Amino acid sequence: MTPERLGQHFLDVRWRERIAHAIFGLGAATPAAQPHKSSGLWIEIGAGHGEMTAILSQHASRVIAIELDATLVERLRETTAALGNVAVVSGNVLELDFAELADDSDLGGESGTRFHVYGNLPYYISSPIVHRLFDNPARVASAFIVVQREVAERIAASPGHREYGYFSAFTQFYSRPEILLRIPPGAFHPPPQVHSALVALRPPGGRANLQVHDDCAFLKFLKVCFAHKRKTLRNNLRALLSSVEAQESMLQTGLAADARAEQLTLAQFARLFANISNTDR
């Protein structure tokens, strides 16, 4: 399978430098005689030819580079061998456990290690990868992802904005998203047909200040709330409650009867979730 069919678009050197500066606040390359290796473990998603891998290795104590394309894996192992702190893992990121990789002693890991993530994500699976990333939220120190610009805008959207939806709420539950760079198609080879952006995901997100005791149940609740964006929240909640019960819960938590999910903050969702969960029906 070719890189194009895998959704791979490789960044040119100038944009790699800009991304490195945005992530580390430094130039892309630290002099080899004085490597700056103070930012711990980094896991790279889709290492490709290894250009960003080399940059990460100069700032990280250890790098785990994930690559799916078998034609690139062996070349990647050859080009990173001299770096001394890079382990290449062949596999599908959606089938790998980030925490297990970080803990793997064969990859130089120690149990409980927190990790940073960098990835130039294939556009067609950006959302599943971000969901996979936060399977172990306590272990994620930070993440920096290159995604389609529209995806970046959805991730960072605030309540009340058109782009705000379940994916926004999910990501903001676990992190504080920030769009660091907007990247044109010409920054890549081959050029994609879309604009891209570099997004920082820095924990903790809203979860740290919310009294949510069951992440899985709360996220399922958010999916119900956002299920039909053109409907009012009360109508969406009919998947869980009667219309009267839904309206009562909304009023008890200070929400208007005609409120829509895209208007609510995470704190408002958490209060509504608690009200519904604590009421016998």
# chains A, B, ... in the order shown; residues from 1 in each chain; ligands from 1
$ closest_atom_pairs --of "region 144-175 of chain A" --to "region 205-209 of chain A" --cutoff "7 Å" --atoms "only C-alpha atoms" --output "tab-separated table"
residue	atom	partner	partner_atom	distance
A:Gln172	CA	A:Gly205	CA	5.4
A:Phe173	CA	A:Gly206	CA	4.7
A:Tyr174	CA	A:Gly205	CA	4.3
A:Ser175	CA	A:Gly205	CA	3.6
$ residues_around --residues "region 99-105 of chain A" --least-positions-apart "2" --cutoff "12 Å" --atoms "only C-alpha atoms" --output "NGL selection string"
:A and (40-44 or 62-66 or 87-91 or 93 or 95-97 or 107-117 or 132-141)
$ write_last_selection --atoms "N, CA and C atoms" --output "compact mmCIF listing (two decimals), in the first residue's frame"
# COMPACT_ATOMS: atom_id res chain seq x y z
N GLY A 40 11.28 13.96 28.49
CA GLY A 40 10.72 12.65 28.75
C GLY A 40 10.45 11.81 27.52
N LEU A 41 9.46 10.93 27.65
CA LEU A 41 9.10 10.00 26.60
C LEU A 41 8.14 10.64 25.61
N TRP A 42 8.43 10.45 24.32
CA TRP A 42 7.52 10.89 23.25
C TRP A 42 7.11 9.67 22.43
N ILE A 43 5.83 9.59 22.11
CA ILE A 43 5.31 8.58 21.20
C ILE A 43 4.90 9.30 19.92
N GLU A 44 5.46 8.87 18.80
CA GLU A 44 5.15 9.50 17.53
C GLU A 44 4.21 8.61 16.72
N ARG A 62 13.49 9.65 25.31
CA ARG A 62 13.19 8.41 24.59
C ARG A 62 12.04 8.66 23.63
N VAL A 63 12.09 8.02 22.45
CA VAL A 63 11.03 8.14 21.44
C VAL A 63 10.59 6.76 21.01
N ILE A 64 9.27 6.56 20.98
CA ILE A 64 8.69 5.37 20.37
C ILE A 64 8.00 5.82 19.11
N ALA A 65 8.51 5.37 17.97
CA ALA A 65 7.99 5.80 16.67
C ALA A 65 7.12 4.71 16.08
N ILE A 66 5.84 5.00 15.90
CA ILE A 66 4.89 4.04 15.35
C ILE A 66 4.73 4.27 13.85
N ALA A 87 12.92 3.82 19.46
CA ALA A 87 12.45 2.46 19.20
C ALA A 87 11.33 2.54 18.17
N VAL A 88 11.43 1.75 17.12
CA VAL A 88 10.42 1.77 16.05
C VAL A 88 9.46 0.61 16.27
N VAL A 89 8.17 0.91 16.26
CA VAL A 89 7.13 -0.09 16.43
C VAL A 89 6.30 -0.15 15.15
N SER A 90 6.18 -1.33 14.59
CA SER A 90 5.37 -1.54 13.39
C SER A 90 3.96 -1.93 13.81
N GLY A 91 2.98 -1.13 13.39
CA GLY A 91 1.62 -1.48 13.76
C GLY A 91 0.63 -0.38 13.48
N VAL A 93 -1.94 2.22 14.79
CA VAL A 93 -2.09 2.98 16.03
C VAL A 93 -3.44 2.71 16.70
N GLU A 95 -4.81 -0.05 17.03
CA GLU A 95 -4.77 -1.36 17.68
C GLU A 95 -3.71 -1.43 18.76
N LEU A 96 -3.04 -0.32 19.02
CA LEU A 96 -1.97 -0.27 20.01
C LEU A 96 -2.43 0.47 21.26
N ASP A 97 -1.91 0.05 22.40
CA ASP A 97 -2.20 0.70 23.67
C ASP A 97 -1.01 1.58 24.03
N LEU A 107 11.14 -1.82 25.09
CA LEU A 107 11.27 -0.52 24.42
C LEU A 107 11.92 0.51 25.33
N GLY A 108 12.48 0.03 26.43
CA GLY A 108 13.14 0.93 27.38
C GLY A 108 12.20 1.55 28.39
N GLY A 109 11.01 0.99 28.52
CA GLY A 109 9.99 1.61 29.36
C GLY A 109 10.06 1.23 30.82
N GLU A 110 9.40 2.06 31.63
CA GLU A 110 9.21 1.80 33.05
C GLU A 110 7.74 1.98 33.37
N SER A 111 7.22 1.15 34.24
CA SER A 111 5.80 1.16 34.56
C SER A 111 5.36 2.53 35.08
N GLY A 112 4.24 3.02 34.53
CA GLY A 112 3.65 4.26 35.00
C GLY A 112 4.18 5.52 34.36
N THR A 113 5.10 5.38 33.41
CA THR A 113 5.69 6.56 32.77
C THR A 113 4.63 7.37 32.02
N ARG A 114 4.62 8.68 32.26
CA ARG A 114 3.76 9.55 31.45
C ARG A 114 4.47 9.84 30.13
N PHE A 115 3.69 10.19 29.12
CA PHE A 115 4.28 10.38 27.80
C PHE A 115 3.66 11.56 27.07
N HIS A 116 4.42 12.09 26.13
CA HIS A 116 3.95 13.11 25.20
C HIS A 116 3.68 12.42 23.86
N VAL A 117 2.85 13.02 23.05
CA VAL A 117 2.52 12.45 21.75
C VAL A 117 2.67 13.50 20.66
N ARG A 132 -8.51 7.22 20.93
CA ARG A 132 -7.58 6.18 21.40
C ARG A 132 -6.53 6.77 22.33
N LEU A 133 -6.09 7.95 22.02
CA LEU A 133 -5.07 8.62 22.81
C LEU A 133 -5.48 8.76 24.27
N PHE A 134 -6.76 9.08 24.49
CA PHE A 134 -7.23 9.33 25.85
C PHE A 134 -7.86 8.10 26.50
N ASP A 135 -7.51 6.90 25.99
CA ASP A 135 -7.90 5.68 26.69
C ASP A 135 -7.30 5.64 28.09
N ASN A 136 -6.11 6.27 28.23
CA ASN A 136 -5.42 6.33 29.51
C ASN A 136 -5.07 7.78 29.81
N PRO A 137 -6.06 8.60 30.12
CA PRO A 137 -5.83 10.05 30.20
C PRO A 137 -4.80 10.48 31.24
N ALA A 138 -4.68 9.74 32.34
CA ALA A 138 -3.74 10.13 33.38
C ALA A 138 -2.29 9.99 32.93
N ARG A 139 -2.08 9.23 31.87
CA ARG A 139 -0.71 8.98 31.41
C ARG A 139 -0.25 10.01 30.36
N VAL A 140 -1.18 10.77 29.81
CA VAL A 140 -0.84 11.71 28.74
C VAL A 140 -0.35 13.03 29.33
N ALA A 141 0.90 13.39 29.06
CA ALA A 141 1.46 14.65 29.53
C ALA A 141 1.08 15.79 28.60
$ closest_atom_pairs --of "region 106-165 of chain A" --to "region 180-196 of chain A" --cutoff "8 Å" --atoms "only C-alpha atoms" --output "CSV"
residue,atom,partner,partner_atom,distance
A:Val146,CA,A:Ser196,CA,6.6
A:Val147,CA,A:Ser196,CA,5.4
A:Gln148,CA,A:Ser196,CA,4.2
A:Arg149,CA,A:Ser196,CA,4.3
A:Glu150,CA,A:Ser196,CA,7.9
A:Ala152,CA,A:Ser196,CA,7.9
$ select_by_dssp --residues "region 160-252 of chain A" --states "alpha helix (DSSP H)" --output "PyMOL selection string"
chain A and resi 166-174+215-225+233-236+243-252
$ write_last_selection --atoms "C-alpha atoms" --output "mmCIF file, in the first residue's frame"
data_model
loop_
_atom_site.group_PDB
_atom_site.id
_atom_site.type_symbol
_atom_site.label_atom_id
_atom_site.label_comp_id
_atom_site.auth_asym_id
_atom_site.auth_seq_id
_atom_site.Cartn_x
_atom_site.Cartn_y
_atom_site.Cartn_z
ATOM 1 C CA TYR A 166 -19.397 15.982 20.764
ATOM 2 C CA PHE A 167 -15.784 15.799 19.544
ATOM 3 C CA SER A 168 -15.128 19.270 20.980
ATOM 4 C CA ALA A 169 -16.622 18.309 24.333
ATOM 5 C CA PHE A 170 -14.781 14.982 24.434
ATOM 6 C CA THR A 171 -11.386 16.538 23.709
ATOM 7 C CA GLN A 172 -11.967 19.424 26.113
ATOM 8 C CA PHE A 173 -13.027 16.984 28.838
ATOM 9 C CA TYR A 174 -9.482 15.587 28.800
ATOM 10 C CA ASP A 215 -16.034 8.885 32.481
ATOM 11 C CA CYS A 216 -17.517 6.233 30.212
ATOM 12 C CA ALA A 217 -21.099 6.879 31.312
ATOM 13 C CA PHE A 218 -20.625 10.641 31.036
ATOM 14 C CA LEU A 219 -19.212 10.403 27.497
ATOM 15 C CA LYS A 220 -22.107 8.154 26.449
ATOM 16 C CA PHE A 221 -24.427 10.809 27.880
ATOM 17 C CA LEU A 222 -22.656 13.502 25.809
ATOM 18 C CA LYS A 223 -23.151 11.412 22.666
ATOM 19 C CA VAL A 224 -26.881 11.270 23.359
ATOM 20 C CA CYS A 225 -26.999 15.038 23.930
ATOM 21 C CA LEU A 233 -31.449 19.017 23.968
ATOM 22 C CA ARG A 234 -34.791 18.003 25.445
ATOM 23 C CA ASN A 235 -35.650 16.069 22.283
ATOM 24 C CA ASN A 236 -32.273 14.339 22.238
ATOM 25 C CA SER A 243 -40.070 14.582 27.445
ATOM 26 C CA VAL A 244 -41.496 15.733 30.790
ATOM 27 C CA GLU A 245 -38.615 14.179 32.770
ATOM 28 C CA ALA A 246 -36.062 15.709 30.428
ATOM 29 C CA GLN A 247 -37.618 19.152 30.807
ATOM 30 C CA GLU A 248 -37.744 18.808 34.593
ATOM 31 C CA SER A 249 -34.068 17.847 34.784
ATOM 32 C CA MET A 250 -33.089 20.725 32.540
ATOM 33 C CA LEU A 251 -35.045 23.258 34.585
ATOM 34 C CA GLN A 252 -33.623 21.873 37.847
#
$ select_by_dssp --residues "region 11-233 of chain A" --states "strand (DSSP E or B)" --output "PDB file with C-alpha atoms, in the first residue's frame"
ATOM      1  CA  LEU A  11       5.998  17.894   5.772  1.00  0.00           C
ATOM      2  CA  LEU A  41       9.105   9.997  26.597  1.00  0.00           C
ATOM      3  CA  TRP A  42       7.517  10.885  23.249  1.00  0.00           C
ATOM      4  CA  ILE A  43       5.311   8.579  21.196  1.00  0.00           C
ATOM      5  CA  GLU A  44       5.151   9.504  17.526  1.00  0.00           C
ATOM      6  CA  ILE A  45       2.158   8.472  15.431  1.00  0.00           C
ATOM      7  CA  ARG A  62      13.192   8.408  24.587  1.00  0.00           C
ATOM      8  CA  VAL A  63      11.032   8.145  21.445  1.00  0.00           C
ATOM      9  CA  ILE A  64       8.690   5.366  20.373  1.00  0.00           C
ATOM     10  CA  ALA A  65       7.995   5.802  16.666  1.00  0.00           C
ATOM     11  CA  ILE A  66       4.887   4.036  15.353  1.00  0.00           C
ATOM     12  CA  GLU A  67       4.604   3.327  11.632  1.00  0.00           C
ATOM     13  CA  VAL A  86      14.438   5.708  19.302  1.00  0.00           C
ATOM     14  CA  ALA A  87      12.448   2.459  19.198  1.00  0.00           C
ATOM     15  CA  VAL A  88      10.423   1.766  16.051  1.00  0.00           C
ATOM     16  CA  VAL A  89       7.126  -0.090  16.428  1.00  0.00           C
ATOM     17  CA  SER A  90       5.374  -1.536  13.390  1.00  0.00           C
ATOM     18  CA  PHE A 115       4.283  10.376  27.805  1.00  0.00           C
ATOM     19  CA  HIS A 116       3.949  13.105  25.199  1.00  0.00           C
ATOM     20  CA  VAL A 117       2.517  12.451  21.747  1.00  0.00           C
ATOM     21  CA  TYR A 118       3.234  13.917  18.330  1.00  0.00           C
ATOM     22  CA  GLY A 119       1.433  12.856  15.191  1.00  0.00           C
ATOM     23  CA  ASN A 120       0.715  13.973  11.657  1.00  0.00           C
ATOM     24  CA  VAL A 140      -0.837  11.707  28.738  1.00  0.00           C
ATOM     25  CA  ALA A 141       1.457  14.652  29.535  1.00  0.00           C
ATOM     26  CA  SER A 142       0.663  16.495  26.293  1.00  0.00           C
ATOM     27  CA  ALA A 143      -0.157  15.844  22.656  1.00  0.00           C
ATOM     28  CA  PHE A 144       0.600  17.794  19.489  1.00  0.00           C
ATOM     29  CA  ILE A 145      -1.290  16.686  16.399  1.00  0.00           C
ATOM     30  CA  VAL A 146      -1.426  17.850  12.799  1.00  0.00           C
ATOM     31  CA  VAL A 147      -4.975  17.446  11.525  1.00  0.00           C
ATOM     32  CA  GLN A 148      -7.295  18.841   8.887  1.00  0.00           C
ATOM     33  CA  ARG A 176      -7.098  22.254  26.865  1.00  0.00           C
ATOM     34  CA  PRO A 177      -6.873  22.450  23.055  1.00  0.00           C
ATOM     35  CA  GLU A 178      -5.041  25.261  21.297  1.00  0.00           C
ATOM     36  CA  ILE A 179      -4.448  25.766  17.584  1.00  0.00           C
ATOM     37  CA  LEU A 180      -0.750  26.641  17.314  1.00  0.00           C
ATOM     38  CA  LEU A 181      -0.218  26.786  13.543  1.00  0.00           C
ATOM     39  CA  ARG A 182      -2.335  26.822  10.400  1.00  0.00           C
ATOM     40  CA  ILE A 183      -0.602  24.837   7.669  1.00  0.00           C
ATOM     41  CA  PHE A 188       3.290  18.750   2.363  1.00  0.00           C
ATOM     42  CA  HIS A 189       4.458  16.302  -0.266  1.00  0.00           C
ATOM     43  CA  SER A 196      -4.196  21.593   8.080  1.00  0.00           C
ATOM     44  CA  ALA A 197      -3.364  22.828  11.566  1.00  0.00           C
ATOM     45  CA  LEU A 198      -1.121  21.928  14.477  1.00  0.00           C
ATOM     46  CA  VAL A 199      -3.162  21.515  17.660  1.00  0.00           C
ATOM     47  CA  ALA A 200      -1.819  21.266  21.197  1.00  0.00           C
ATOM     48  CA  LEU A 201      -3.812  19.114  23.633  1.00  0.00           C
ATOM     49  CA  ARG A 202      -2.600  19.880  27.145  1.00  0.00           C
TER      50      ARG A 202
END
$ residues_around --residues "Gln211 (chain A)" --least-positions-apart "3" --cutoff "10 Å" --atoms "only C-alpha atoms" --output "PyMOL selection string"
chain A and resi 207-208+214+267+270-271+274
$ write_last_selection --atoms "C-alpha atoms" --output "PDB file, in the first residue's frame"
ATOM      1  CA  ARG A 207     -12.573  16.739  33.815  1.00  0.00           C
ATOM      2  CA  ALA A 208     -10.236  17.927  36.568  1.00  0.00           C
ATOM      3  CA  ASP A 214     -17.753   7.559  35.600  1.00  0.00           C
ATOM      4  CA  ALA A 267     -19.874  22.091  33.658  1.00  0.00           C
ATOM      5  CA  ALA A 270     -21.923  17.539  34.242  1.00  0.00           C
ATOM      6  CA  ARG A 271     -24.666  19.077  36.400  1.00  0.00           C
ATOM      7  CA  ALA A 274     -25.583  14.259  37.836  1.00  0.00           C
TER       8      ALA A 274
END
$ closest_residue --among "A:His228, A:Ser39, A:Glu51, A:Leu68" --to "Asp12 (chain A)" --atoms "only C-alpha atoms"
A:Glu51
$ atom_distance --atom1 "CA of Ile55 (chain A)" --atom2 "CA of Asn92 (chain A)"
22.4 Å
$ atom_distance --atom1 "CA of His161 (chain A)" --atom2 "CA of Lys229 (chain A)"
12.4 Å
